file final08.cif (mmCIF, C-alpha atoms)
data_data
loop_
_atom_site.group_PDB
_atom_site.id
_atom_site.type_symbol
_atom_site.label_atom_id
_atom_site.label_comp_id
_atom_site.auth_asym_id
_atom_site.auth_seq_id
_atom_site.Cartn_x
_atom_site.Cartn_y
_atom_site.Cartn_z
ATOM 1 C CA MET P 1 -5.892 -8.551 -20.541
ATOM 2 C CA ASN P 2 -5.898 -10.504 -17.295
ATOM 3 C CA LYS P 3 -9.598 -10.124 -16.391
ATOM 4 C CA PRO P 4 -11.875 -12.657 -14.670
ATOM 5 C CA LEU P 5 -15.045 -14.174 -16.081
ATOM 6 C CA VAL P 6 -13.514 -14.279 -19.561
ATOM 7 C CA GLY P 7 -11.796 -17.613 -19.344
ATOM 8 C CA ALA P 8 -10.403 -17.030 -15.853
ATOM 9 C CA LEU P 9 -12.380 -19.732 -14.084
ATOM 10 C CA LEU P 10 -11.632 -22.171 -16.874
ATOM 11 C CA THR P 11 -7.950 -21.336 -16.511
ATOM 12 C CA VAL P 12 -8.064 -22.163 -12.829
ATOM 13 C CA LEU P 13 -9.571 -25.577 -13.561
ATOM 14 C CA PHE P 14 -6.626 -26.396 -15.778
ATOM 15 C CA LEU P 15 -3.828 -25.016 -13.591
ATOM 16 C CA GLY P 16 -2.802 -28.503 -12.561
ATOM 17 C CA VAL P 17 -2.246 -29.513 -16.194
ATOM 18 C CA GLY P 18 0.672 -27.144 -16.610
ATOM 19 C CA ILE P 19 1.539 -24.589 -19.268
ATOM 20 C CA ALA P 20 3.858 -25.112 -22.199
ATOM 21 C CA PRO P 21 7.071 -23.057 -22.311
ATOM 22 C CA ALA P 22 6.626 -19.640 -23.849
ATOM 23 C CA ALA P 23 7.453 -19.350 -27.526
ATOM 24 C CA ALA P 24 8.695 -16.123 -29.112
ATOM 25 C CA THR P 25 7.899 -15.333 -32.732
ATOM 26 C CA THR P 26 9.522 -12.359 -34.394
ATOM 27 C CA VAL P 27 8.020 -10.614 -37.409
ATOM 28 C CA GLY P 28 9.784 -8.086 -39.612
ATOM 29 C CA GLY P 29 13.491 -8.470 -38.905
ATOM 30 C CA PRO P 30 15.876 -8.923 -35.969
ATOM 31 C CA ALA P 31 14.356 -9.535 -32.553
ATOM 32 C CA ALA P 32 13.360 -6.291 -30.895
ATOM 33 C CA ALA P 33 13.450 -7.721 -27.385
ATOM 34 C CA THR P 34 16.230 -9.168 -25.277
ATOM 35 C CA GLU P 35 16.472 -12.901 -24.744
ATOM 36 C CA PRO P 36 14.448 -14.120 -21.740
ATOM 37 C CA ALA P 37 16.427 -14.250 -18.533
ATOM 38 C CA THR P 38 16.908 -17.521 -16.680
ATOM 39 C CA THR P 39 14.089 -18.058 -14.199
ATOM 40 C CA THR P 40 14.717 -18.831 -10.565
ATOM 41 C CA SER P 41 14.255 -22.332 -9.184
ATOM 42 C CA PRO P 42 10.876 -23.234 -7.645
ATOM 43 C CA ALA P 43 12.510 -23.484 -4.208
ATOM 44 C CA ALA P 44 14.008 -20.012 -4.512
ATOM 45 C CA ALA P 45 10.702 -18.613 -5.771
ATOM 46 C CA ASP P 46 8.827 -20.127 -2.835
ATOM 47 C CA ALA P 47 11.311 -18.627 -0.362
ATOM 48 C CA ARG P 48 10.943 -15.199 -1.946
ATOM 49 C CA ALA P 49 7.149 -15.388 -1.992
ATOM 50 C CA LYS P 50 7.085 -15.851 1.792
ATOM 51 C CA ALA P 51 8.709 -12.428 2.197
ATOM 52 C CA VAL P 52 5.819 -10.684 0.378
ATOM 53 C CA THR P 53 2.392 -10.820 2.011
ATOM 54 C CA PHE P 54 -1.106 -9.749 0.981
ATOM 55 C CA ALA P 55 -1.195 -6.890 3.508
ATOM 56 C CA GLY P 56 -2.377 -3.768 1.732
ATOM 57 C CA THR P 57 -3.758 -5.569 -1.301
ATOM 58 C CA VAL P 58 -7.454 -5.398 -2.158
ATOM 59 C CA ALA P 59 -10.009 -7.414 -4.097
ATOM 60 C CA LEU P 60 -12.244 -5.599 -6.566
ATOM 61 C CA SER P 61 -15.422 -7.051 -8.049
ATOM 62 C CA ASN P 62 -13.552 -7.994 -11.207
ATOM 63 C CA CYS P 63 -9.833 -7.424 -10.562
ATOM 64 C CA SER P 64 -7.057 -7.032 -8.010
ATOM 65 C CA GLY P 65 -5.511 -3.881 -6.556
ATOM 66 C CA SER P 66 -3.634 -2.357 -3.643
ATOM 67 C CA VAL P 67 -3.700 0.602 -1.279
ATOM 68 C CA VAL P 68 -0.704 2.706 -2.292
ATOM 69 C CA ARG P 69 1.127 5.834 -1.201
ATOM 70 C CA THR P 70 3.985 7.929 -2.552
ATOM 71 C CA PRO P 71 7.188 8.555 -0.573
ATOM 72 C CA SER P 72 5.815 11.983 0.397
ATOM 73 C CA SER P 73 2.251 10.966 1.309
ATOM 74 C CA LEU P 74 1.098 12.036 4.776
ATOM 75 C CA PRO P 75 -0.949 9.964 7.257
ATOM 76 C CA GLY P 76 -3.845 12.402 6.976
ATOM 77 C CA ASP P 77 -4.041 12.218 3.182
ATOM 78 C CA PRO P 78 -6.968 10.352 1.601
ATOM 79 C CA ALA P 79 -5.778 6.845 0.715
ATOM 80 C CA LEU P 80 -5.448 5.728 -2.907
ATOM 81 C CA VAL P 81 -6.148 2.325 -4.486
ATOM 82 C CA LEU P 82 -4.125 1.317 -7.544
ATOM 83 C CA SER P 83 -5.505 -1.012 -10.221
ATOM 84 C CA ASN P 84 -5.779 -1.129 -14.032
ATOM 85 C CA GLY P 85 -7.599 1.233 -16.352
ATOM 86 C CA HIS P 86 -9.334 -1.776 -17.873
ATOM 87 C CA CYS P 87 -10.716 -2.646 -14.418
ATOM 88 C CA LEU P 88 -12.810 0.539 -14.159
ATOM 89 C CA GLU P 89 -16.492 -0.040 -13.438
ATOM 90 C CA THR P 90 -17.242 2.344 -16.311
ATOM 91 C CA GLY P 91 -15.655 -0.031 -18.849
ATOM 92 C CA PHE P 92 -12.488 0.109 -20.933
ATOM 93 C CA PRO P 93 -11.385 3.690 -21.674
ATOM 94 C CA ASP P 94 -11.014 4.318 -25.396
ATOM 95 C CA PRO P 95 -7.544 4.976 -26.833
ATOM 96 C CA GLY P 96 -6.716 8.576 -25.950
ATOM 97 C CA GLU P 97 -9.370 8.732 -23.205
ATOM 98 C CA VAL P 98 -8.481 9.839 -19.678
ATOM 99 C CA VAL P 99 -10.892 9.616 -16.732
ATOM 100 C CA LEU P 100 -10.198 12.293 -14.139
ATOM 101 C CA ASN P 101 -11.966 13.028 -10.830
ATOM 102 C CA LYS P 102 -15.128 11.080 -11.659
ATOM 103 C CA SER P 103 -17.463 10.320 -8.753
ATOM 104 C CA SER P 104 -17.436 6.683 -7.615
ATOM 105 C CA THR P 105 -18.725 4.672 -4.666
ATOM 106 C CA ARG P 106 -16.911 1.471 -5.595
ATOM 107 C CA THR P 107 -15.948 -0.839 -2.726
ATOM 108 C CA PHE P 108 -12.785 -2.841 -2.133
ATOM 109 C CA THR P 109 -12.103 -5.728 0.237
ATOM 110 C CA LEU P 110 -8.922 -5.015 2.196
ATOM 111 C CA LEU P 111 -6.721 -8.030 2.887
ATOM 112 C CA ASN P 112 -4.330 -8.726 5.740
ATOM 113 C CA ALA P 113 -0.970 -10.461 5.486
ATOM 114 C CA ALA P 114 -2.574 -13.912 5.361
ATOM 115 C CA GLY P 115 -4.961 -12.928 2.579
ATOM 116 C CA SER P 116 -8.075 -12.720 4.740
ATOM 117 C CA GLY P 117 -10.558 -9.915 4.173
ATOM 118 C CA VAL P 118 -10.550 -7.584 7.179
ATOM 119 C CA GLY P 119 -12.740 -4.722 6.036
ATOM 120 C CA THR P 120 -14.420 -2.840 3.232
ATOM 121 C CA LEU P 121 -12.994 0.371 1.798
ATOM 122 C CA ARG P 122 -15.064 2.739 -0.310
ATOM 123 C CA ALA P 123 -14.061 5.125 -3.070
ATOM 124 C CA SER P 124 -15.107 8.750 -3.223
ATOM 125 C CA LYS P 125 -13.966 9.098 -6.834
ATOM 126 C CA ILE P 126 -11.937 7.711 -9.696
ATOM 127 C CA ALA P 127 -9.008 10.076 -9.314
ATOM 128 C CA TYR P 128 -7.393 8.918 -12.558
ATOM 129 C CA GLY P 129 -7.849 6.222 -15.170
ATOM 130 C CA THR P 130 -6.549 5.498 -18.654
ATOM 131 C CA MET P 131 -5.465 2.766 -21.048
ATOM 132 C CA THR P 132 -3.333 5.120 -23.132
ATOM 133 C CA ASP P 133 0.471 4.737 -22.809
ATOM 134 C CA THR P 134 -0.196 2.772 -19.614
ATOM 135 C CA ASP P 135 -3.067 0.770 -18.088
ATOM 136 C CA VAL P 136 -3.787 2.296 -14.708
ATOM 137 C CA SER P 137 -6.550 3.458 -12.410
ATOM 138 C CA LEU P 138 -6.295 5.311 -9.110
ATOM 139 C CA TYR P 139 -9.282 5.533 -6.772
ATOM 140 C CA GLN P 140 -9.383 8.041 -3.934
ATOM 141 C CA LEU P 141 -10.957 6.549 -0.811
ATOM 142 C CA THR P 142 -13.200 8.033 1.861
ATOM 143 C CA ARG P 143 -10.625 7.109 4.535
ATOM 144 C CA THR P 144 -7.127 8.385 5.166
ATOM 145 C CA TYR P 145 -3.990 6.274 5.431
ATOM 146 C CA ALA P 146 -3.988 6.873 9.197
ATOM 147 C CA GLN P 147 -7.612 5.776 9.563
ATOM 148 C CA ILE P 148 -6.987 2.543 7.650
ATOM 149 C CA GLU P 149 -3.909 1.747 9.718
ATOM 150 C CA SER P 150 -5.739 2.558 12.962
ATOM 151 C CA SER P 151 -8.753 0.383 12.064
ATOM 152 C CA TYR P 152 -6.949 -2.589 10.526
ATOM 153 C CA GLY P 153 -3.265 -2.296 11.413
ATOM 154 C CA ILE P 154 -2.390 -2.286 7.708
ATOM 155 C CA LYS P 155 -0.073 0.183 6.033
ATOM 156 C CA ALA P 156 -0.268 1.224 2.401
ATOM 157 C CA LEU P 157 2.292 -0.127 -0.035
ATOM 158 C CA GLU P 158 4.784 2.482 -1.223
ATOM 159 C CA LEU P 159 5.232 3.266 -4.907
ATOM 160 C CA ALA P 160 8.884 3.155 -5.959
ATOM 161 C CA ALA P 161 9.985 6.486 -7.421
ATOM 162 C CA SER P 162 12.560 5.121 -9.885
ATOM 163 C CA HIS P 163 12.556 2.948 -12.998
ATOM 164 C CA PRO P 164 12.748 -0.790 -12.179
ATOM 165 C CA VAL P 165 15.753 -2.840 -13.255
ATOM 166 C CA ALA P 166 15.886 -5.998 -15.363
ATOM 167 C CA GLY P 167 16.694 -9.066 -13.290
ATOM 168 C CA THR P 168 14.893 -7.760 -10.195
ATOM 169 C CA ALA P 169 13.109 -10.466 -8.207
ATOM 170 C CA ILE P 170 9.407 -9.613 -8.009
ATOM 171 C CA THR P 171 6.125 -10.922 -6.639
ATOM 172 C CA VAL P 172 2.712 -10.300 -8.201
ATOM 173 C CA ALA P 173 0.182 -10.325 -5.348
ATOM 174 C CA SER P 174 -3.425 -10.896 -6.449
ATOM 175 C CA GLY P 175 -6.081 -9.836 -3.962
ATOM 176 C CA TYR P 176 -8.823 -11.250 -6.193
ATOM 177 C CA TRP P 177 -7.434 -14.807 -6.102
ATOM 178 C CA LYS P 178 -5.422 -14.435 -2.858
ATOM 179 C CA ARG P 179 -2.483 -15.883 -4.733
ATOM 180 C CA THR P 180 1.068 -14.750 -5.423
ATOM 181 C CA TYR P 181 3.313 -15.294 -8.450
ATOM 182 C CA SER P 182 7.090 -15.042 -8.100
ATOM 183 C CA CYS P 183 9.552 -14.464 -10.928
ATOM 184 C CA SER P 184 11.912 -11.750 -12.173
ATOM 185 C CA ILE P 185 11.764 -8.786 -14.515
ATOM 186 C CA ASP P 186 12.967 -10.199 -17.813
ATOM 187 C CA GLY P 187 13.173 -6.843 -19.580
ATOM 188 C CA PHE P 188 11.064 -4.059 -21.039
ATOM 189 C CA ALA P 189 8.936 -3.792 -24.170
ATOM 190 C CA TYR P 190 9.455 -0.495 -25.994
ATOM 191 C CA ARG P 191 5.817 -0.644 -27.036
ATOM 192 C CA LEU P 192 3.241 -3.261 -26.111
ATOM 193 C CA LYS P 193 0.254 -3.364 -28.453
ATOM 194 C CA GLU P 194 -2.993 -5.179 -27.674
ATOM 195 C CA GLY P 195 -5.996 -4.614 -29.894
ATOM 196 C CA SER P 196 -6.696 -0.867 -29.989
ATOM 197 C CA TRP P 197 -4.343 0.007 -27.142
ATOM 198 C CA THR P 198 -0.602 0.696 -27.005
ATOM 199 C CA TRP P 199 1.465 0.888 -23.810
ATOM 200 C CA LYS P 200 4.968 2.268 -23.377
ATOM 201 C CA ASP P 201 8.013 0.695 -21.695
ATOM 202 C CA SER P 202 6.075 -2.267 -20.315
ATOM 203 C CA VAL P 203 7.580 -4.727 -17.841
ATOM 204 C CA ARG P 204 8.026 -8.240 -19.224
ATOM 205 C CA TYR P 205 8.091 -11.099 -16.686
ATOM 206 C CA THR P 206 10.154 -14.242 -16.880
ATOM 207 C CA SER P 207 7.982 -17.258 -17.659
ATOM 208 C CA ALA P 208 7.462 -18.292 -14.013
ATOM 209 C CA CYS P 209 4.789 -15.603 -13.514
ATOM 210 C CA GLN P 210 1.825 -17.293 -15.214
ATOM 211 C CA THR P 211 -0.799 -14.749 -14.171
ATOM 212 C CA ILE P 212 -4.455 -15.394 -15.043
ATOM 213 C CA GLY P 213 -7.732 -13.526 -15.363
ATOM 214 C CA GLY P 214 -8.533 -11.682 -12.138
ATOM 215 C CA THR P 215 -4.897 -10.806 -11.445
ATOM 216 C CA SER P 216 -5.313 -7.571 -13.406
ATOM 217 C CA GLY P 217 -4.402 -4.619 -11.222
ATOM 218 C CA SER P 218 -2.227 -6.657 -8.847
ATOM 219 C CA PRO P 219 0.769 -4.786 -7.440
ATOM 220 C CA VAL P 220 4.126 -5.967 -8.732
ATOM 221 C CA ILE P 221 6.357 -5.830 -5.670
ATOM 222 C CA ASP P 222 10.150 -5.642 -5.594
ATOM 223 C CA ASP P 223 11.068 -8.512 -3.249
ATOM 224 C CA ALA P 224 14.123 -6.679 -1.889
ATOM 225 C CA THR P 225 12.462 -3.339 -1.065
ATOM 226 C CA GLY P 226 8.792 -4.250 -0.653
ATOM 227 C CA LYS P 227 7.873 -1.332 -2.928
ATOM 228 C CA VAL P 228 5.464 -1.411 -5.859
ATOM 229 C CA VAL P 229 7.298 -1.106 -9.181
ATOM 230 C CA ALA P 230 4.463 -1.949 -11.591
ATOM 231 C CA VAL P 231 0.826 -2.985 -11.945
ATOM 232 C CA ASN P 232 0.040 -6.345 -13.566
ATOM 233 C CA ASN P 233 -2.167 -6.086 -16.646
ATOM 234 C CA THR P 234 -1.898 -8.600 -19.494
ATOM 235 C CA GLY P 235 -0.331 -11.602 -21.203
ATOM 236 C CA ASN P 236 -0.210 -13.339 -24.560
ATOM 237 C CA GLU P 237 -2.573 -16.301 -24.229
ATOM 238 C CA ASP P 238 -2.793 -17.887 -27.676
ATOM 239 C CA GLY P 239 0.263 -16.737 -29.621
ATOM 240 C CA GLN P 240 -1.761 -14.376 -31.793
ATOM 241 C CA ARG P 241 -0.249 -11.115 -32.976
ATOM 242 C CA CYS P 242 -1.359 -7.842 -31.334
ATOM 243 C CA THR P 243 -4.970 -8.942 -30.733
ATOM 244 C CA ASP P 244 -7.107 -8.728 -27.590
ATOM 245 C CA ASN P 245 -5.564 -10.974 -24.904
ATOM 246 C CA ASN P 246 -2.551 -11.464 -27.173
ATOM 247 C CA PRO P 247 -0.292 -8.414 -26.876
ATOM 248 C CA CYS P 248 2.776 -8.125 -29.074
ATOM 249 C CA GLU P 249 5.997 -6.219 -28.500
ATOM 250 C CA VAL P 250 6.912 -3.521 -31.017
ATOM 251 C CA GLY P 251 10.543 -2.401 -31.063
ATOM 252 C CA GLU P 252 11.878 1.059 -31.886
ATOM 253 C CA ASN P 253 12.589 -0.149 -35.430
ATOM 254 C CA GLY P 254 9.049 -1.478 -35.852
ATOM 255 C CA THR P 255 9.962 -5.126 -35.353
ATOM 256 C CA VAL P 256 7.062 -7.120 -33.889
ATOM 257 C CA THR P 257 7.751 -9.922 -31.398
ATOM 258 C CA VAL P 258 5.102 -12.347 -30.127
ATOM 259 C CA ARG P 259 5.821 -14.255 -26.902
ATOM 260 C CA GLN P 260 3.089 -16.780 -26.213
ATOM 261 C CA GLY P 261 2.603 -17.481 -22.505
ATOM 262 C CA ILE P 262 4.540 -14.404 -21.386
ATOM 263 C CA ASN P 263 2.866 -11.826 -19.138
ATOM 264 C CA TYR P 264 3.350 -8.105 -18.637
ATOM 265 C CA ALA P 265 2.867 -5.163 -16.288
ATOM 266 C CA GLN P 266 2.906 -1.384 -16.524
ATOM 267 C CA GLN P 267 5.501 0.570 -14.602
ATOM 268 C CA THR P 268 4.273 2.838 -11.807
ATOM 269 C CA TYR P 269 7.236 5.087 -10.963
ATOM 270 C CA GLY P 270 5.839 7.655 -13.425
ATOM 271 C CA ILE P 271 2.717 8.028 -11.290
ATOM 272 C CA VAL P 272 4.657 9.391 -8.300
ATOM 273 C CA PRO P 273 5.357 12.908 -9.691
ATOM 274 C CA CYS P 274 1.670 13.293 -10.573
ATOM 275 C CA ILE P 275 0.380 12.965 -6.993
ATOM 276 C CA GLY P 276 0.442 16.167 -4.957
ATOM 277 C CA SER P 277 -0.581 17.104 -1.456
ATOM 278 C CA GLY P 278 -3.802 15.586 -0.199
ATOM 279 C CA SER P 279 -3.425 12.731 -2.716
ATOM 280 C CA ARG P 280 -4.541 15.121 -5.454
ATOM 281 C CA ILE P 281 -3.783 14.074 -9.025
ATOM 282 C CA ASP P 282 -2.069 17.040 -10.682
ATOM 283 C CA LEU P 283 -1.073 16.295 -14.267
ATOM 284 C CA ASN P 284 0.750 19.638 -14.499
ATOM 285 C CA ARG P 285 3.239 18.862 -11.719
ATOM 286 C CA SER P 286 6.908 18.820 -12.639
ATOM 287 C CA GLY P 287 7.953 15.404 -13.918
ATOM 288 C CA CYS P 288 4.398 14.151 -14.465
ATOM 289 C CA ALA P 289 4.087 12.474 -17.851
ATOM 290 C CA LEU P 290 0.738 10.686 -17.487
ATOM 291 C CA PRO P 291 -1.609 11.324 -20.413
ATOM 292 C CA LYS P 292 -3.943 14.294 -19.978
ATOM 293 C CA PRO P 293 -7.636 14.514 -20.933
#
call {"tool": "encode", "arguments": {"input": "final08.cif", "output": "structure tokens"}}
result
Amino acid sequence: MNKPLVGALLTVLFLGVGIAPAAATTVGGPAAATEPATTTSPAAADARAKAVTFAGTVALSNCSGSVVRTPSSLPGDPALVLSNGHCLETGFPDPGEVVLNKSSTRTFTLLNAAGSGVGTLRASKIAYGTMTDTDVSLYQLTRTYAQIESSYGIKALELAASHPVAGTAITVASGYWKRTYSCSIDGFAYRLKEGSWTWKDSVRYTSACQTIGGTSGSPVIDDATGKVVAVNNTGNEDGQRCTDNNPCEVGENGTVTVRQGINYAQQTYGIVPCIGSGSRIDLNRSGCALPKP
């Protein structure tokens, strides 16, 4: 998982050395995943990255995140911060564990378009958190969307309400490092297994997005729409098979594929039906498929 302080700083020191091309190893039969798509040129990636800013992203003590809203959120609703389940201050949730409406006073540094910190936001609770089927956390803040916009001139990022599409140009915006990564959605892993955890229908990046520790929880933004389509969470670092920091893809037929150097995110469109009025997490709403406690 892309967390800081576990090799992250060392990774930064070696960024200038470069990273070898990703290698895919398939175990147990025909490849379960599609062939990697062709990555965009560095010039094209740089041009795209300029269109996506840091406005609305946040830095956590150990991860990245973003202030997010649904298409139906109202200005007076309490604002929500999106990050990973493995970024919770309470530690990694166990497989099958769901954290719901747990009191929290965690703080977040809100960034402007240039990546400068402009203010501190505070949570009132962990509205939702899990590492089962997905890797997501949602914090409810003490301020509303309108109050944040009035104080800082920054609007929340909108969660896309539909499944992302392979080939889409995306930017991963890390508030922790104040750095962006531009690439495309290469495809989707039927199951992504890392250690004790398994995630469903994960987004696989093309190799240009070489995310590192601390980028966990970063919003994955569709360059064309500016909407959040996923939340960055992990990558295969060493080419190992299904171990911590080395997720593997498991196909519908059980085929295991290892892609060293390739990074992943968890889709967020499935969160939208679970958020009701007043930013309330309601796991019984129509269309909500997030795991329940």
call {"tool": "closest_residue", "arguments": {"input": "final08.cif", "among": "P:Gly213, P:Gly96, P:Gly251, P:Pro164", "to": "Lys292 in chain P", "atoms": "all atoms listed in the file"}}
result
P:Gly96
call {"tool": "residues_around", "arguments": {"input": "final08.cif", "residues": "Thr109 in chain P", "least_positions_apart": "5", "cutoff": "6 Å", "atoms": "all atoms listed in the file", "output": "VMD selection string"}}
result
chain P and resid 58 to 59 117 119 to 120
call {"tool": "closest_residue", "arguments": {"input": "final08.cif", "among": "P:Ala79, P:Leu121, P:Val250, P:Ile262", "to": "Glu237 in chain P", "atoms": "all atoms listed in the file"}}
result
P:Ile262
call {"tool": "atom_distance", "arguments": {"input": "final08.cif", "atom1": "CA of Ser202 in chain P", "atom2": "CA of Asn245 in chain P"}}
result
15.2 Å
call {"tool": "closest_residue", "arguments": {"input": "final08.cif", "among": "P:Ser61, P:Asn84, P:Gly261, P:Ser137", "to": "Thr107 in chain P", "atoms": "only C-alpha atoms"}}
result
P:Ser61
call {"tool": "residues_around", "arguments": {"input": "final08.cif", "residues": "Asn246 in chain P", "least_positions_apart": "3", "cutoff": "8 Å", "atoms": "all atoms listed in the file", "output": "list in words"}}
result
Met1, Glu194, Gly235, Asn236, Glu237, Asp238, Gly239, Gln240, Arg241, Cys242, Thr243 and Gln260 of chain P
call {"tool": "write_last_selection", "arguments": {"input": "final08.cif", "atoms": "C-alpha atoms", "output": "PDB file, in the coordinates of the input"}}
result
ATOM      1  CA  MET P   1      -5.892  -8.551 -20.541  1.00  0.00           C
ATOM      2  CA  GLU P 194      -2.993  -5.179 -27.674  1.00  0.00           C
ATOM      3  CA  GLY P 235      -0.331 -11.602 -21.203  1.00  0.00           C
ATOM      4  CA  ASN P 236      -0.210 -13.339 -24.560  1.00  0.00           C
ATOM      5  CA  GLU P 237      -2.573 -16.301 -24.229  1.00  0.00           C
ATOM      6  CA  ASP P 238      -2.793 -17.887 -27.676  1.00  0.00           C
ATOM      7  CA  GLY P 239       0.263 -16.737 -29.621  1.00  0.00           C
ATOM      8  CA  GLN P 240      -1.761 -14.376 -31.793  1.00  0.00           C
ATOM      9  CA  ARG P 241      -0.249 -11.115 -32.976  1.00  0.00           C
ATOM     10  CA  CYS P 242      -1.359  -7.842 -31.334  1.00  0.00           C
ATOM     11  CA  THR P 243      -4.970  -8.942 -30.733  1.00  0.00           C
ATOM     12  CA  GLN P 260       3.089 -16.780 -26.213  1.00  0.00           C
TER      13      GLN P 260
END
call {"tool": "closest_residue", "arguments": {"input": "final08.cif", "among": "P:Leu110, P:Cys248, P:Ala289, P:Leu157", "to": "Ile221 in chain P", "atoms": "all atoms listed in the file"}}
result
P:Leu157
call {"tool": "closest_residue", "arguments": {"input": "final08.cif", "among": "P:Gly76, P:Gly270, P:Pro293, P:Gly175", "to": "Glu149 in chain P", "atoms": "all atoms listed in the file"}}
result
P:Gly76
call {"tool": "residues_around", "arguments": {"input": "final08.cif", "residues": "Thr234 in chain P", "least_positions_apart": "2", "cutoff": "6 Å", "atoms": "only C-alpha atoms", "output": "list in words"}}
result
Met1, Asn2, Asn263 and Tyr264 of chain P
call {"tool": "resolve_selection", "arguments": {"input": "final08.cif", "expression": "the PyMOL selection byres ((chain P and resi 275-282) around 9)", "output": "ChimeraX atom specification"}}
result
/P:69-70,72-74,76-80,100-101,127-128,140,271-274,283-285,288
call {"tool": "closest_residue", "arguments": {"input": "final08.cif", "among": "P:Ser162, P:Thr180, P:Thr90, P:Ser151", "to": "Thr130 in chain P", "atoms": "all atoms listed in the file"}}
result
P:Thr90
call {"tool": "atom_distance", "arguments": {"input": "final08.cif", "atom1": "CA of Tyr190 in chain P", "atom2": "CA of Thr257 in chain P"}}
result
11.0 Å
